[in-house]
>>> print(open('protein_31.txt').read())   # compact mmCIF, C-alpha atoms
# COMPACT_ATOMS: atom_id res chain seq x y z
CA MET A 899 0.00 0.00 0.00
CA THR A 900 1.52 3.28 -1.13
CA PHE A 901 1.17 6.75 0.34
CA GLU A 902 -0.78 7.75 -2.77
CA THR A 903 -3.30 4.92 -2.27
CA ILE A 904 -3.87 6.04 1.31
CA ILE A 905 -4.38 9.66 0.28
CA ASN A 906 -6.74 8.64 -2.55
CA GLN A 907 -8.89 6.42 -0.38
CA MET A 908 -8.69 8.31 2.91
CA GLY A 909 -8.45 11.92 1.69
CA ILE A 910 -11.86 12.96 3.01
CA GLU A 911 -11.34 11.18 6.33
CA LEU A 912 -7.93 12.83 6.79
CA LEU A 913 -9.48 16.22 6.01
CA LEU A 914 -12.28 15.61 8.51
CA PHE A 915 -9.75 14.45 11.09
CA ALA A 916 -7.62 17.58 10.60
CA ALA A 917 -10.66 19.89 10.83
CA CYS A 918 -11.97 18.15 13.96
CA MET A 919 -8.54 18.21 15.63
CA PHE A 920 -8.15 21.91 14.84
CA PHE A 921 -11.52 22.91 16.26
CA GLY A 922 -11.48 20.41 19.14
CA ILE A 923 -8.03 21.33 20.43
CA ARG A 924 -8.73 25.05 19.90
CA LEU A 925 -11.89 24.74 21.99
CA ILE A 926 -10.15 22.86 24.78
CA ILE A 927 -7.25 25.34 24.95
CA THR A 928 -9.11 28.63 24.50
CA ARG A 929 -12.47 27.60 26.09
CA ASP A 930 -14.03 30.18 23.77
CA VAL A 931 -17.76 29.60 23.17
CA HIS A 932 -17.67 31.82 20.07
CA ILE A 933 -15.76 29.10 18.19
CA LEU A 934 -18.96 27.03 18.28
CA ASN A 935 -21.42 29.85 17.76
CA LYS A 936 -20.42 33.43 16.94
CA LYS A 937 -23.67 34.77 18.36
CA GLU A 938 -23.62 32.80 21.61
CA ASP A 939 -23.38 35.02 24.67
CA PRO A 940 -21.18 33.26 27.31
CA ALA A 941 -23.29 35.00 29.98
CA ASN A 942 -26.25 32.84 28.90
CA ILE A 943 -24.35 29.61 29.41
CA LYS A 944 -24.44 27.88 32.77
CA HIS A 945 -20.90 26.44 32.66
CA PRO A 946 -19.04 27.81 29.58
CA ARG A 947 -15.68 26.28 30.48
CA GLU A 948 -17.07 22.77 30.96
CA TYR A 949 -19.24 23.12 27.85
CA THR A 950 -16.29 24.02 25.63
CA LEU A 951 -14.09 21.29 27.16
CA TYR A 952 -16.59 18.48 26.56
CA ALA A 953 -17.65 19.88 23.17
CA GLY A 954 -13.97 19.87 22.15
CA LEU A 955 -13.64 16.24 23.27
CA VAL A 956 -16.74 15.23 21.28
CA ILE A 957 -15.35 16.94 18.16
CA ILE A 958 -12.04 15.12 18.60
CA PHE A 959 -14.02 11.87 18.98
CA LEU A 960 -15.65 12.54 15.59
CA GLY A 961 -12.24 13.14 14.00
CA VAL A 962 -10.85 9.89 15.42
CA ALA A 963 -13.99 8.04 14.28
CA ALA A 964 -13.42 9.38 10.75
CA ILE A 965 -9.87 8.02 10.71
CA ILE A 966 -11.05 4.62 11.99
CA MET A 967 -13.70 4.66 9.25
CA GLY A 968 -10.99 5.37 6.68
CA ILE A 969 -8.91 2.41 7.89
CA LEU A 970 -11.97 0.11 7.99
CA SER A 971 -12.90 1.12 4.45
CA PHE A 972 -9.74 -0.64 3.18
CA PHE A 973 -11.12 -3.95 4.51
CA ASN A 974 -14.91 -3.63 4.40
CA PRO A 975 -16.65 -0.44 3.23
CA LYS A 976 -20.05 -1.53 4.63
CA ILE A 977 -18.65 -1.98 8.14
CA ALA A 978 -16.86 1.37 7.77
CA LEU A 979 -20.14 3.08 6.86
CA ALA A 980 -22.01 1.40 9.73
CA PHE A 981 -19.22 2.49 12.08
CA ILE A 982 -19.37 6.18 11.08
CA ILE A 983 -23.18 6.21 11.31
CA ILE A 984 -22.99 4.83 14.86
CA ALA A 985 -20.22 7.32 15.73
CA VAL A 986 -22.25 10.28 14.39
CA VAL A 987 -25.38 9.21 16.28
CA ALA A 988 -23.29 8.79 19.46
CA MET A 989 -21.83 12.25 18.87
CA GLY A 990 -25.31 13.75 18.50
CA ILE A 991 -26.58 12.14 21.71
CA ALA A 992 -23.42 13.18 23.60
CA TRP A 993 -23.83 16.75 22.35
CA LYS A 994 -27.45 16.90 23.50
CA PHE A 995 -26.39 15.61 26.91
CA ILE A 996 -23.57 18.17 27.19
CA TYR A 997 -25.85 20.99 26.04
CA GLU A 998 -28.55 20.16 28.57
CA LYS A 999 -26.03 19.78 31.40
CA PHE A 1000 -23.74 22.77 30.81
CA VAL A 1001 -25.68 25.30 28.72
CA MET A 1002 -29.36 25.25 29.59
CA GLY A 1003 -30.93 26.31 32.84
CA LYS A 1004 -29.34 29.66 33.54
CA MET B 810 -22.21 59.30 14.13
CA VAL B 811 -23.06 60.80 10.72
CA LYS B 812 -20.78 59.62 7.94
CA THR B 813 -19.36 62.09 5.44
CA LYS B 814 -19.76 61.54 1.70
CA GLN B 815 -16.10 60.55 1.48
CA GLN B 816 -16.48 57.94 4.25
CA LYS B 817 -19.61 56.57 2.57
CA ALA B 818 -17.72 56.29 -0.73
CA ILE B 819 -14.81 54.50 0.96
CA ASP B 820 -17.22 52.10 2.71
CA PHE B 821 -18.96 51.41 -0.60
CA LEU B 822 -15.63 50.69 -2.30
CA ILE B 823 -14.48 48.37 0.50
CA ASN B 824 -17.80 46.54 0.85
CA ASN B 825 -18.19 46.02 -2.91
CA GLY B 826 -14.47 45.83 -3.70
CA VAL B 827 -14.55 42.22 -4.89
CA ILE B 828 -17.45 42.85 -7.29
CA ILE B 829 -15.83 46.03 -8.64
CA VAL B 830 -12.45 44.33 -9.21
CA MET B 831 -14.12 41.39 -10.95
CA PHE B 832 -16.24 43.72 -13.09
CA ILE B 833 -13.05 45.49 -14.22
CA LEU B 834 -11.45 42.09 -14.91
CA VAL B 835 -14.42 41.05 -17.06
CA ILE B 836 -14.28 44.32 -19.05
CA TYR B 837 -10.51 43.92 -19.48
CA THR B 838 -10.96 40.31 -20.68
CA GLY B 839 -13.72 41.43 -23.05
CA ILE B 840 -11.48 44.11 -24.57
CA THR B 841 -8.39 41.91 -24.89
CA ASN B 842 -10.22 38.80 -26.08
CA ASP B 843 -12.75 38.96 -28.93
CA ARG B 844 -14.32 35.62 -28.08
CA PHE B 845 -15.16 36.47 -24.45
CA LEU B 846 -18.15 38.79 -24.82
CA THR B 847 -19.88 36.73 -27.51
CA SER B 848 -23.43 35.43 -27.17
CA ASN B 849 -22.17 31.81 -27.31
CA ASN B 850 -19.77 32.33 -24.44
CA LEU B 851 -22.29 34.23 -22.33
CA PHE B 852 -24.80 31.41 -22.98
CA ASN B 853 -22.21 28.88 -21.77
CA ILE B 854 -21.57 30.96 -18.65
CA LEU B 855 -25.36 31.06 -18.00
CA MET B 856 -25.49 27.26 -18.42
CA ASN B 857 -22.68 26.85 -15.87
CA MET B 858 -24.39 29.34 -13.58
CA SER B 859 -27.70 27.47 -13.56
CA SER B 860 -26.71 24.51 -11.37
CA ARG B 861 -24.37 26.68 -9.26
CA LEU B 862 -27.23 29.08 -8.56
CA VAL B 863 -29.47 26.27 -7.36
CA ILE B 864 -26.72 25.16 -4.95
CA ALA B 865 -26.06 28.73 -3.79
CA LEU B 866 -29.75 29.36 -3.14
CA GLY B 867 -29.87 26.24 -0.98
CA ILE B 868 -26.77 27.23 0.97
CA ALA B 869 -28.01 30.85 1.27
CA GLY B 870 -30.90 29.65 3.46
CA CYS B 871 -28.44 27.95 5.83
CA VAL B 872 -26.04 30.92 5.84
CA ILE B 873 -28.87 33.37 6.66
CA THR B 874 -29.44 31.42 9.89
CA ALA B 875 -25.69 31.83 10.68
CA GLY B 876 -25.12 28.21 9.68
CA CYS B 877 -23.41 26.49 6.77
CA ASP B 878 -23.70 23.24 4.86
CA LEU B 879 -20.47 21.43 4.12
CA SER B 880 -22.28 18.30 2.91
CA ALA B 881 -23.58 20.05 -0.23
CA GLY B 882 -20.84 18.79 -2.59
CA ARG B 883 -21.24 15.16 -1.53
CA MET B 884 -25.03 15.37 -1.70
CA ILE B 885 -24.71 16.64 -5.28
CA GLY B 886 -22.46 13.68 -6.19
CA PHE B 887 -24.80 11.19 -4.52
CA ALA B 888 -27.88 12.73 -6.19
CA ALA B 889 -26.22 12.61 -9.61
CA CYS B 890 -25.30 8.94 -9.04
CA ILE B 891 -28.85 7.98 -7.97
CA ALA B 892 -30.33 9.77 -10.98
CA GLY B 893 -27.70 8.17 -13.25
CA THR B 894 -28.47 4.62 -12.08
CA LEU B 895 -32.22 5.15 -12.64
CA LEU B 896 -31.93 6.78 -16.06
CA GLN B 897 -29.50 4.60 -18.05
CA LYS B 898 -30.45 3.29 -21.49
CA ILE B 899 -31.78 -0.27 -21.46
CA ASP B 900 -29.18 -1.38 -24.07
CA TYR B 901 -26.18 0.24 -22.36
CA SER B 902 -23.49 -2.39 -21.76
CA GLY B 903 -22.41 -1.08 -18.36
CA LYS B 904 -25.95 -0.64 -17.03
CA PHE B 905 -26.06 -0.46 -13.24
CA PHE B 906 -29.42 -2.26 -12.90
CA PRO B 907 -29.28 -4.51 -16.00
CA ASP B 908 -32.93 -5.64 -15.98
CA MET B 909 -34.55 -2.36 -15.00
CA GLN B 910 -36.36 -0.17 -17.52
CA PRO B 911 -35.25 3.49 -17.28
CA LEU B 912 -37.71 5.45 -15.14
CA ASN B 913 -39.67 8.49 -16.16
CA ILE B 914 -37.37 11.50 -15.50
CA PHE B 915 -39.92 13.15 -13.19
CA VAL B 916 -40.21 9.97 -11.10
CA ALA B 917 -36.40 9.74 -10.94
CA LEU B 918 -36.21 13.41 -9.92
CA LEU B 919 -38.80 12.86 -7.18
CA ILE B 920 -36.81 9.88 -5.85
CA VAL B 921 -33.59 11.97 -5.84
CA LEU B 922 -35.33 14.87 -4.06
CA ALA B 923 -36.91 12.55 -1.50
CA ILE B 924 -33.58 10.87 -0.67
CA THR B 925 -31.55 14.10 -0.42
CA GLY B 926 -34.42 15.77 1.47
CA ALA B 927 -34.38 12.92 4.00
CA PHE B 928 -30.64 13.42 4.57
CA GLY B 929 -31.16 17.16 4.92
CA SER B 930 -33.86 16.55 7.52
CA ILE B 931 -31.48 14.36 9.51
CA THR B 932 -28.83 17.12 9.40
CA GLY B 933 -31.47 19.64 10.50
CA PHE B 934 -32.55 17.33 13.32
CA PHE B 935 -28.96 17.11 14.60
CA ILE B 936 -28.64 20.91 14.50
CA ALA B 937 -32.06 21.85 15.87
CA PHE B 938 -32.83 19.11 18.36
CA LEU B 939 -29.41 17.82 19.45
CA HIS B 940 -27.78 21.32 19.34
CA VAL B 941 -24.80 20.12 17.28
CA PRO B 942 -23.12 23.16 15.59
CA PRO B 943 -23.95 23.28 11.84
CA PHE B 944 -20.35 22.89 10.64
CA ILE B 945 -19.86 19.71 12.71
CA ALA B 946 -23.26 18.21 11.82
CA THR B 947 -22.83 18.87 8.09
CA LEU B 948 -19.21 17.66 8.14
CA ALA B 949 -20.43 14.38 9.67
CA MET B 950 -23.25 14.14 7.12
CA MET B 951 -20.72 14.74 4.33
CA GLU B 952 -18.79 11.66 5.48
CA ILE B 953 -21.92 9.49 5.71
CA VAL B 954 -23.25 10.55 2.31
CA TYR B 955 -19.86 9.98 0.68
CA GLY B 956 -19.63 6.50 2.23
CA LEU B 957 -23.16 5.67 1.07
CA ALA B 958 -22.44 6.92 -2.45
CA LEU B 959 -19.28 4.79 -2.62
CA ILE B 960 -21.10 1.67 -1.48
CA TYR B 961 -24.11 2.33 -3.73
CA THR B 962 -22.08 2.81 -6.91
CA GLY B 963 -19.08 0.67 -5.99
CA ALA B 964 -17.02 3.74 -6.98
CA THR B 965 -17.94 3.02 -10.63
CA PRO B 966 -18.44 5.99 -12.97
CA LEU B 967 -21.88 6.02 -14.59
CA GLY B 968 -22.87 6.79 -18.18
CA GLY B 969 -25.19 5.78 -21.02
CA TYR B 970 -28.08 8.01 -20.01
CA THR B 971 -31.43 8.11 -21.81
CA THR B 972 -32.01 10.89 -24.32
CA GLU B 973 -34.92 12.23 -22.21
CA TYR B 974 -32.46 12.84 -19.37
CA THR B 975 -29.66 14.43 -21.39
CA ASN B 976 -32.28 16.57 -23.18
CA ILE B 977 -32.57 18.56 -19.96
CA ALA B 978 -29.16 20.00 -20.78
CA THR B 979 -29.40 20.08 -24.57
CA GLY B 980 -33.06 21.02 -25.04
CA ARG B 981 -34.34 24.59 -25.29
CA PHE B 982 -37.58 26.45 -24.69
CA LEU B 983 -37.96 29.91 -26.29
CA GLY B 984 -34.29 29.66 -27.25
CA ILE B 985 -33.15 29.24 -23.65
CA SER B 986 -31.79 25.99 -22.23
CA TYR B 987 -34.01 24.00 -19.87
CA LEU B 988 -31.20 24.22 -17.27
CA ILE B 989 -31.48 28.01 -17.25
CA TRP B 990 -35.30 27.80 -17.01
CA ILE B 991 -34.97 25.44 -14.04
CA ALA B 992 -32.60 27.91 -12.31
CA ILE B 993 -35.01 30.81 -13.02
CA ILE B 994 -37.97 28.86 -11.59
CA VAL B 995 -35.98 27.79 -8.50
CA ALA B 996 -34.84 31.41 -7.95
CA ALA B 997 -38.45 32.64 -8.24
CA ILE B 998 -39.73 30.01 -5.78
CA THR B 999 -36.88 30.79 -3.36
CA TRP B 1000 -37.61 34.53 -3.62
CA PHE B 1001 -41.26 33.79 -2.80
CA ILE B 1002 -40.27 31.63 0.21
CA PHE B 1003 -37.74 34.18 1.53
CA ASN B 1004 -39.99 37.24 1.14
CA MET B 1005 -43.62 36.18 1.09
CA THR B 1006 -43.92 33.32 3.57
CA ARG B 1007 -43.89 33.03 7.33
CA HIS B 1008 -41.06 30.49 6.99
CA GLY B 1009 -38.91 33.16 5.30
CA LYS B 1010 -39.55 35.68 8.08
CA TYR B 1011 -38.71 33.02 10.69
CA MET B 1012 -35.46 32.29 8.86
CA TYR B 1013 -34.27 35.91 9.06
CA ALA B 1014 -35.42 36.16 12.69
CA ILE B 1015 -33.39 33.07 13.65
CA GLY B 1016 -30.35 34.41 11.79
CA GLY B 1017 -30.62 37.79 13.52
CA ASN B 1018 -31.05 36.52 17.07
CA PRO B 1019 -32.10 32.91 17.72
CA GLN B 1020 -32.86 33.47 21.42
CA ALA B 1021 -35.08 36.48 20.68
CA ALA B 1022 -36.80 34.54 17.90
CA GLU B 1023 -37.59 31.68 20.26
CA VAL B 1024 -38.97 34.07 22.89
CA ALA B 1025 -41.10 35.72 20.17
CA GLY B 1026 -42.73 32.37 19.44
CA VAL B 1027 -40.84 31.36 16.31
CA PRO B 1028 -40.75 27.55 15.95
CA VAL B 1029 -36.95 27.60 15.73
CA ARG B 1030 -36.40 23.83 15.66
CA LEU B 1031 -38.96 23.05 12.97
CA THR B 1032 -37.78 25.99 10.86
CA MET B 1033 -34.15 24.81 11.08
CA VAL B 1034 -35.10 21.27 10.00
CA LEU B 1035 -37.09 22.70 7.06
CA ILE B 1036 -34.20 24.96 6.02
CA TYR B 1037 -31.69 22.09 5.87
CA MET B 1038 -34.22 19.79 4.18
CA LYS B 1039 -35.01 22.42 1.54
CA ALA B 1040 -31.30 23.06 0.99
CA ALA B 1041 -30.57 19.34 0.57
CA MET B 1042 -33.40 19.02 -1.97
CA MET B 1043 -31.82 21.86 -3.93
CA TYR B 1044 -28.48 20.01 -3.93
CA GLY B 1045 -30.40 16.98 -5.20
CA LEU B 1046 -31.84 19.04 -8.04
CA ALA B 1047 -28.40 20.50 -8.80
CA GLY B 1048 -26.91 16.99 -8.90
CA PHE B 1049 -29.70 15.91 -11.26
CA MET B 1050 -28.95 18.90 -13.54
CA LEU B 1051 -25.18 18.36 -13.47
CA GLY B 1052 -25.60 14.66 -14.29
CA ALA B 1053 -27.71 15.57 -17.33
CA LYS B 1054 -25.21 18.22 -18.43
CA ALA B 1055 -22.15 15.97 -18.07
CA GLY B 1056 -23.88 12.88 -19.51
CA GLY B 1057 -22.31 10.87 -16.70
CA ALA B 1058 -21.55 10.95 -13.00
CA SER B 1059 -19.26 9.65 -10.30
CA VAL B 1060 -19.21 10.06 -6.53
CA ASN B 1061 -16.66 12.85 -6.92
CA LEU B 1062 -19.06 15.07 -8.89
CA GLY B 1063 -19.69 18.27 -6.94
CA LEU B 1064 -16.48 18.04 -4.91
CA GLY B 1065 -15.75 21.47 -3.40
CA TYR B 1066 -18.91 23.07 -4.80
CA GLU B 1067 -20.09 23.94 -1.28
CA MET B 1068 -17.11 26.24 -0.75
CA GLU B 1069 -17.71 28.02 -4.05
CA ALA B 1070 -21.41 28.39 -3.21
CA ILE B 1071 -20.69 29.83 0.25
CA ALA B 1072 -18.14 32.19 -1.33
CA ALA B 1073 -20.60 33.24 -4.05
CA CYS B 1074 -23.26 33.99 -1.41
CA THR B 1075 -20.76 36.02 0.62
CA ILE B 1076 -19.56 37.98 -2.43
CA GLY B 1077 -23.17 38.79 -3.29
CA GLY B 1078 -23.99 40.00 0.21
CA VAL B 1079 -25.36 37.06 2.20
CA SER B 1080 -23.74 37.55 5.59
CA VAL B 1081 -21.97 34.56 7.19
CA THR B 1082 -22.87 36.08 10.55
CA GLY B 1083 -26.57 35.52 9.77
CA GLY B 1084 -29.77 37.51 9.40
CA ARG B 1085 -28.88 39.17 6.09
CA GLY B 1086 -29.10 38.07 2.47
CA LYS B 1087 -31.40 38.03 -0.52
CA VAL B 1088 -31.98 35.87 -3.56
CA SER B 1089 -30.44 38.64 -5.67
CA SER B 1090 -27.29 38.39 -3.47
CA ALA B 1091 -26.86 34.74 -4.44
CA ILE B 1092 -27.52 35.51 -8.12
CA ILE B 1093 -24.95 38.35 -8.16
CA GLY B 1094 -22.41 36.22 -6.27
CA VAL B 1095 -22.75 33.23 -8.60
CA ALA B 1096 -22.62 35.46 -11.70
CA VAL B 1097 -19.49 37.23 -10.48
CA PHE B 1098 -17.85 33.91 -9.57
CA GLU B 1099 -18.62 32.23 -12.91
CA LEU B 1100 -17.51 35.32 -14.84
CA LEU B 1101 -14.24 35.32 -12.88
CA LYS B 1102 -13.60 31.66 -13.72
CA ALA B 1103 -14.38 32.23 -17.41
CA ALA B 1104 -12.26 35.40 -17.53
CA LEU B 1105 -9.28 33.60 -15.98
CA GLN B 1106 -9.58 30.83 -18.59
CA TYR B 1107 -9.75 33.35 -21.43
CA LEU B 1108 -6.75 35.23 -20.04
CA GLY B 1109 -4.80 31.97 -20.28
CA VAL B 1110 -4.16 31.70 -16.55
CA ASP B 1111 -2.72 28.31 -15.58
CA ALA B 1112 -5.40 25.90 -14.22
CA ASN B 1113 -3.60 25.54 -10.89
CA ALA B 1114 -3.14 29.30 -10.58
CA GLN B 1115 -6.91 29.67 -11.11
CA TYR B 1116 -7.51 27.74 -7.88
CA ILE B 1117 -5.20 30.16 -6.07
CA ALA B 1118 -7.03 33.17 -7.55
CA ILE B 1119 -10.43 31.74 -6.55
CA GLY B 1120 -9.10 30.95 -3.06
CA VAL B 1121 -7.87 34.55 -2.69
CA VAL B 1122 -11.29 35.85 -3.77
CA ILE B 1123 -13.05 33.62 -1.19
CA PHE B 1124 -10.63 34.78 1.53
CA ILE B 1125 -11.08 38.48 0.72
CA ALA B 1126 -14.87 38.21 0.38
CA ILE B 1127 -15.30 36.50 3.77
CA SER B 1128 -12.80 38.88 5.45
CA LEU B 1129 -14.75 41.89 4.13
CA ASP B 1130 -18.02 40.35 5.33
CA ILE B 1131 -16.61 39.83 8.83
CA ARG B 1132 -15.26 43.41 8.74
CA LYS B 1133 -18.82 44.63 8.10
CA TYR B 1134 -20.07 42.58 11.08
CA VAL B 1135 -17.33 43.88 13.39
CA ALA B 1136 -17.93 47.50 12.28
CA LYS B 1137 -21.68 47.06 12.89
CA LYS B 1138 -21.00 45.65 16.37
>>> encode(input="protein_31.txt", output="structure tokens")
Amino acid sequence: MTFETIINQMGIELLLFAACMFFGIRLIITRDVHILNKKEDPANIKHPREYTLYAGLVIIFLGVAAIIMGILSFFNPKIALAFIIIAVVAMGIAWKFIYEKFVMGK
Amino acid sequence: MVKTKQQKAIDFLINNGVIIVMFILVIYTGITNDRFLTSNNLFNILMNMSSRLVIALGIAGCVITAGCDLSAGRMIGFAACIAGTLLQKIDYSGKFFPDMQPLNIFVALLIVLAITGAFGSITGFFIAFLHVPPFIATLAMMEIVYGLALIYTGATPLGGYTTEYTNIATGRFLGISYLIWIAIIVAAITWFIFNMTRHGKYMYAIGGNPQAAEVAGVPVRLTMVLIYMKAAMMYGLAGFMLGAKAGGASVNLGLGYEMEAIAACTIGGVSVTGGRGKVSSAIIGVAVFELLKAALQYLGVDANAQYIAIGVVIFIAISLDIRKYVAKK
């Protein structure tokens, strides 16, 4: 397997991984709510620091899931697709949980 | 603070700088190249604009709510592949479904719109009900749609379409291509939705201030789902049009079109910070963008350098838009 083959087959996954890492790590370091939503007022968020930390972790989880999907797609594309669907659903549920715990209620 | 005439002129030049520069470029290309401002070339540019306008109008709805849709390009590719598999000639050697009669093009279009609309609804559900930021939700949907398209087609390029399907690109009504008519009809419907319906008013209200909109009784969640569903259906239609125009399709059709559409909207005046934008903004943006691409080709600019030029335009347009937002704040 050459470097070119990997780039050809996993280009999108690598791009998604890079984007998720960039935003996730930036969120965790800066704890800036505006990265997620430019119009969000931190004063309206119950726990902005915790929200950004866990949101960053969920974004990184999506990036890692994309890479795993890319690797799985070399062996079985159907399993790779099933994996990313499960990962995205898990991400959505985790995000709802984080939002209800750290954002709502103030 | 009252602005002087000079300040107003400077603001106008800065805010419309990209359009002015491109307008000058088009005039320069027209003067230096005889073939640029011909009716044939302008007709070709209009043909290219048609599908891009449909995409831009879909994305404009998302951008007005301060969102974005990064799954547009992949949805277009998937839609073109679905349409392609349903509309191949019965005697084509590489037919995807060998025993299936080609469907009526309207039935195939409805199937494409239903599938892309369903994916758009799922994206909208993630954004509205699970509170996932639009760029993350649409990025995830992009990955899923791409995976589905790969599995569905087996990464095989499609071709051998029926004449009824390719006629959409080659046929004319009153001397104007069907593709252009489709774009005109979609633009008119979108204008009606944006300006004459309650849904349109809700969209601008959400883009301006989502919290205030919710307090005012706007059904924010339902509106968001509808916006992303409507946008995805427009990508489906654009994919259908592009498939007919190209006479073939692969999963990579539409790659990167979402970025060009967002840039075109921004150039035209749809604000990435939400709450602002019109149908005419998308039309101006797409026209300017397509004219730029054509002008660069006619000026003999290297294909790779064209990407750089387009990237610079996107960067400047979005920077100027954010400057407007910061100045307003």
>>> atom_distance(input="protein_31.txt", atom1="CA of Gly886 (chain B)", atom2="CA of Asn853 (chain B)")
21.8 Å
>>> closest_atom_pairs(input="protein_31.txt", of="chain A", to="chain B", cutoff="8 Å", atoms="all atoms listed in the file", output="Markdown table")
| residue | atom | partner | partner_atom | distance |
| --- | --- | --- | --- | --- |
| A:Ile910 | CA | B:Glu952 | CA | 7.5 |
| A:Glu911 | CA | B:Glu952 | CA | 7.5 |
| A:Leu914 | CA | B:Leu948 | CA | 7.2 |
| A:Leu934 | CA | B:Pro942 | CA | 6.3 |
| A:Asn935 | CA | B:Pro942 | CA | 7.2 |
| A:Lys936 | CA | B:Thr1082 | CA | 7.3 |
| A:Lys937 | CA | B:Asn1018 | CA | 7.7 |
| A:Ile957 | CA | B:Ile945 | CA | 7.6 |
| A:Leu960 | CA | B:Ala949 | CA | 7.8 |
| A:Ala964 | CA | B:Glu952 | CA | 7.9 |
| A:Pro975 | CA | B:Ile960 | CA | 6.8 |
| A:Lys976 | CA | B:Ile960 | CA | 7.0 |
| A:Leu979 | CA | B:Gly956 | CA | 5.8 |
| A:Ile982 | CA | B:Ile953 | CA | 6.8 |
| A:Ile983 | CA | B:Ile953 | CA | 6.6 |
| A:Val986 | CA | B:Ala949 | CA | 6.5 |
| A:Gly990 | CA | B:Leu939 | CA | 5.9 |
| A:Ile991 | CA | B:Leu939 | CA | 6.7 |
| A:Trp993 | CA | B:Val941 | CA | 6.2 |
| A:Lys994 | CA | B:Leu939 | CA | 4.6 |
| A:Tyr997 | CA | B:His940 | CA | 7.0 |
>>> closest_residue(input="protein_31.txt", among="A:Ala953, A:Ala985, A:Ile965, A:Val1001", to="Gly909 (chain A)", atoms="all atoms listed in the file")
A:Ile965
>>> closest_residue(input="protein_31.txt", among="A:Phe1000, A:Ile977, A:Phe972, A:Leu951", to="Ile904 (chain A)", atoms="all atoms listed in the file")
A:Phe972
>>> closest_atom_pairs(input="protein_31.txt", of="region 924-989 of chain B", to="region 1051-1065 of chain B", cutoff="6 Å", atoms="only C-alpha atoms", output="CSV")
residue,atom,partner,partner_atom,distance
B:Pro966,CA,B:Ser1059,CA,4.6
B:Leu967,CA,B:Ala1058,CA,5.2
B:Gly968,CA,B:Gly1057,CA,4.4
B:Tyr974,CA,B:Ala1053,CA,5.8
B:Thr975,CA,B:Ala1053,CA,4.6
B:Ala978,CA,B:Lys1054,CA,4.9
>>> residues_around(input="protein_31.txt", residues="Leu851 (chain B)", least_positions_apart="3", cutoff="12 Å", atoms="all atoms listed in the file", output="list in words")
Val835, Gly839, Arg844, Phe845, Leu846, Thr847, Ser848, Ile854, Leu855, Met856, Asn857, Met858, Ala1096, Glu1099, Leu1100, Ala1103 and Ala1104 of chain B
>>> atom_distance(input="protein_31.txt", atom1="CA of Gln816 (chain B)", atom2="CA of Leu1129 (chain B)")
16.1 Å
>>> residues_around(input="protein_31.txt", residues="Val1122 (chain B)", least_positions_apart="5", cutoff="12 Å", atoms="only C-alpha atoms", output="list in words")
Gly826, Val827, Ile828, Val830, Met831, Met1068, Glu1069, Ile1071, Ala1072, Ala1073, Thr1075, Ile1076, Gly1094, Val1097, Phe1098, Leu1101, Lys1102, Gln1115, Tyr1116, Ile1117, Ile1127, Ser1128 and Leu1129 of chain B
>>> atom_distance(input="protein_31.txt", atom1="CA of Gln910 (chain B)", atom2="CA of Ala927 (chain B)")
25.3 Å
>>> residues_around(input="protein_31.txt", residues="Ile998 (chain B)", least_positions_apart="6", cutoff="12 Å", atoms="only C-alpha atoms", output="VMD selection string")
chain B and resid 863 866 to 867 991 to 992 1004 to 1006 1009 1039 1043 1088
>>> build_atoms(input="protein_31.txt", residues="region 851-860 of chain B", atoms="N, CA and C atoms", output="PDB file, in the coordinates of the input")
ATOM      1  N   LEU B 851     -21.408  33.791 -23.415  1.00  0.00           N
ATOM      2  CA  LEU B 851     -22.290  34.230 -22.330  1.00  0.00           C
ATOM      3  C   LEU B 851     -23.364  33.172 -22.063  1.00  0.00           C
ATOM      4  N   PHE B 852     -23.818  32.489 -23.141  1.00  0.00           N
ATOM      5  CA  PHE B 852     -24.800  31.410 -22.980  1.00  0.00           C
ATOM      6  C   PHE B 852     -24.177  30.259 -22.186  1.00  0.00           C
ATOM      7  N   ASN B 853     -22.913  29.943 -22.510  1.00  0.00           N
ATOM      8  CA  ASN B 853     -22.210  28.880 -21.770  1.00  0.00           C
ATOM      9  C   ASN B 853     -22.065  29.238 -20.295  1.00  0.00           C
ATOM     10  N   ILE B 854     -21.728  30.517 -20.044  1.00  0.00           N
ATOM     11  CA  ILE B 854     -21.570  30.960 -18.650  1.00  0.00           C
ATOM     12  C   ILE B 854     -22.922  30.825 -17.919  1.00  0.00           C
ATOM     13  N   LEU B 855     -24.014  31.191 -18.600  1.00  0.00           N
ATOM     14  CA  LEU B 855     -25.360  31.060 -18.000  1.00  0.00           C
ATOM     15  C   LEU B 855     -25.677  29.593 -17.710  1.00  0.00           C
ATOM     16  N   MET B 856     -25.270  28.707 -18.623  1.00  0.00           N
ATOM     17  CA  MET B 856     -25.490  27.260 -18.420  1.00  0.00           C
ATOM     18  C   MET B 856     -24.744  26.793 -17.187  1.00  0.00           C
ATOM     19  N   ASN B 857     -23.475  27.239 -17.048  1.00  0.00           N
ATOM     20  CA  ASN B 857     -22.680  26.850 -15.870  1.00  0.00           C
ATOM     21  C   ASN B 857     -23.278  27.441 -14.601  1.00  0.00           C
ATOM     22  N   MET B 858     -23.814  28.659 -14.747  1.00  0.00           N
ATOM     23  CA  MET B 858     -24.390  29.340 -13.580  1.00  0.00           C
ATOM     24  C   MET B 858     -25.618  28.634 -13.043  1.00  0.00           C
ATOM     25  N   SER B 859     -26.379  27.983 -13.957  1.00  0.00           N
ATOM     26  CA  SER B 859     -27.700  27.470 -13.560  1.00  0.00           C
ATOM     27  C   SER B 859     -27.623  26.515 -12.370  1.00  0.00           C
ATOM     28  N   SER B 860     -26.762  25.482 -12.475  1.00  0.00           N
ATOM     29  CA  SER B 860     -26.710  24.510 -11.370  1.00  0.00           C
ATOM     30  C   SER B 860     -26.054  25.144 -10.139  1.00  0.00           C
TER      31      SER B 860
END
